[in-house]
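Novice: Can you keep this structure in mind? I'll have questions shortly.
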Amino acid sequence: MLPSNTPSRFYTTRTLPSDEDPKSVEGETNVPTEEKKWISILENTVSAPWLFSLPPDHEQRLKIAYTLLFQIVLYLTRPAEAEQFLTAFATAPAPSESEIGRARKAVGTIIKASVNQMSSIPLNSSVRAHNEIFDIFGALQAIHDMYLGEEISTLETWSEFWSRAQPVVLELGMKLDEKGFGWSEEDLKELSENAAAKASAENP
């Protein structure tokens, strides 16, 4: 479960506009349109052309890593039945084409991209002076190397991976925010509005 004392700039719920009429998609029955908007946020991030691109500025790489981790938290803290959803995301059997199956795959890719941004920063970079950030990152990189070398194919492996990864993702995101690599409230508002508009356009 996500801790309730996580700072609001990282652990936050952003509500997307809802539609009254549920729709169905292949492999899912009566999935409300709002839920499809949430998964589209993750999948839009995964398909972004910049996902594994490395900007020359090392501070920018930390900000991108924060952005990616925030996308995971944004998805997991959606308002509808949050506690039940978190349990299902961690442990429930789910076909690969279901929302949870797709979300698990997307989360794995986003964590890979976050690790790519941070591991690419040279050891002699000035941002490496943030020892607290990189100590936590070391734990995430170890989990990444242990589980994400290939696609996770069993529920048992996923549950084991996520039980280890979730607290580290949260801790790293909070530490990046604390050290100035997160977003302002204005940034968060703009992100939420843009994500809602894009998701609504793609799922009318």
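By convention here, the chains of the structure tokens are called A, B, ... in the order presented, each chain's residues are numbered starting at 1, and ligands are numbered starting at 1 in the order presented.
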So which residues touch A:Ala113 within 7 Å, counting only C-alpha atoms, skipping near sequence neighbours fewer than 4 positions away, as a list in words?

Specialist: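 Listed by chain and then number, they are Leu51, Phe52, Thr109 and Gln117 of chain A.
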
Novice: What's around A:Arg128 at 12 Å? Count only C-alpha atoms, leave out sequence neighbours fewer than 2 positions away in its own chain, and write the answer as a count of residues only.

Specialist: 20

Novice: Name the residues in contact with A:Asp177 at a cut-off of 9 Å, using only C-alpha atoms, excluding same-chain residues fewer than 3 positions from it; report them as a PyMOL selection string.

Specialist: chain A and resi 9-10+63+66+172-174+180-183

Novice: A:Gln166, A:Leu176, A:Ile39, A:Tyr147: which is nearest A:Gln60, counting only C-alpha atoms?

Specialist: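 Checking each candidate against A:Gln60, we get A:Leu176 as the closest.
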
Novice: Just to confirm, what's the straight-line distance from atom CA of A:Arg102 to atom CA of A:Gly138 in Å (one decimal)?

Specialist: 26.7 Å
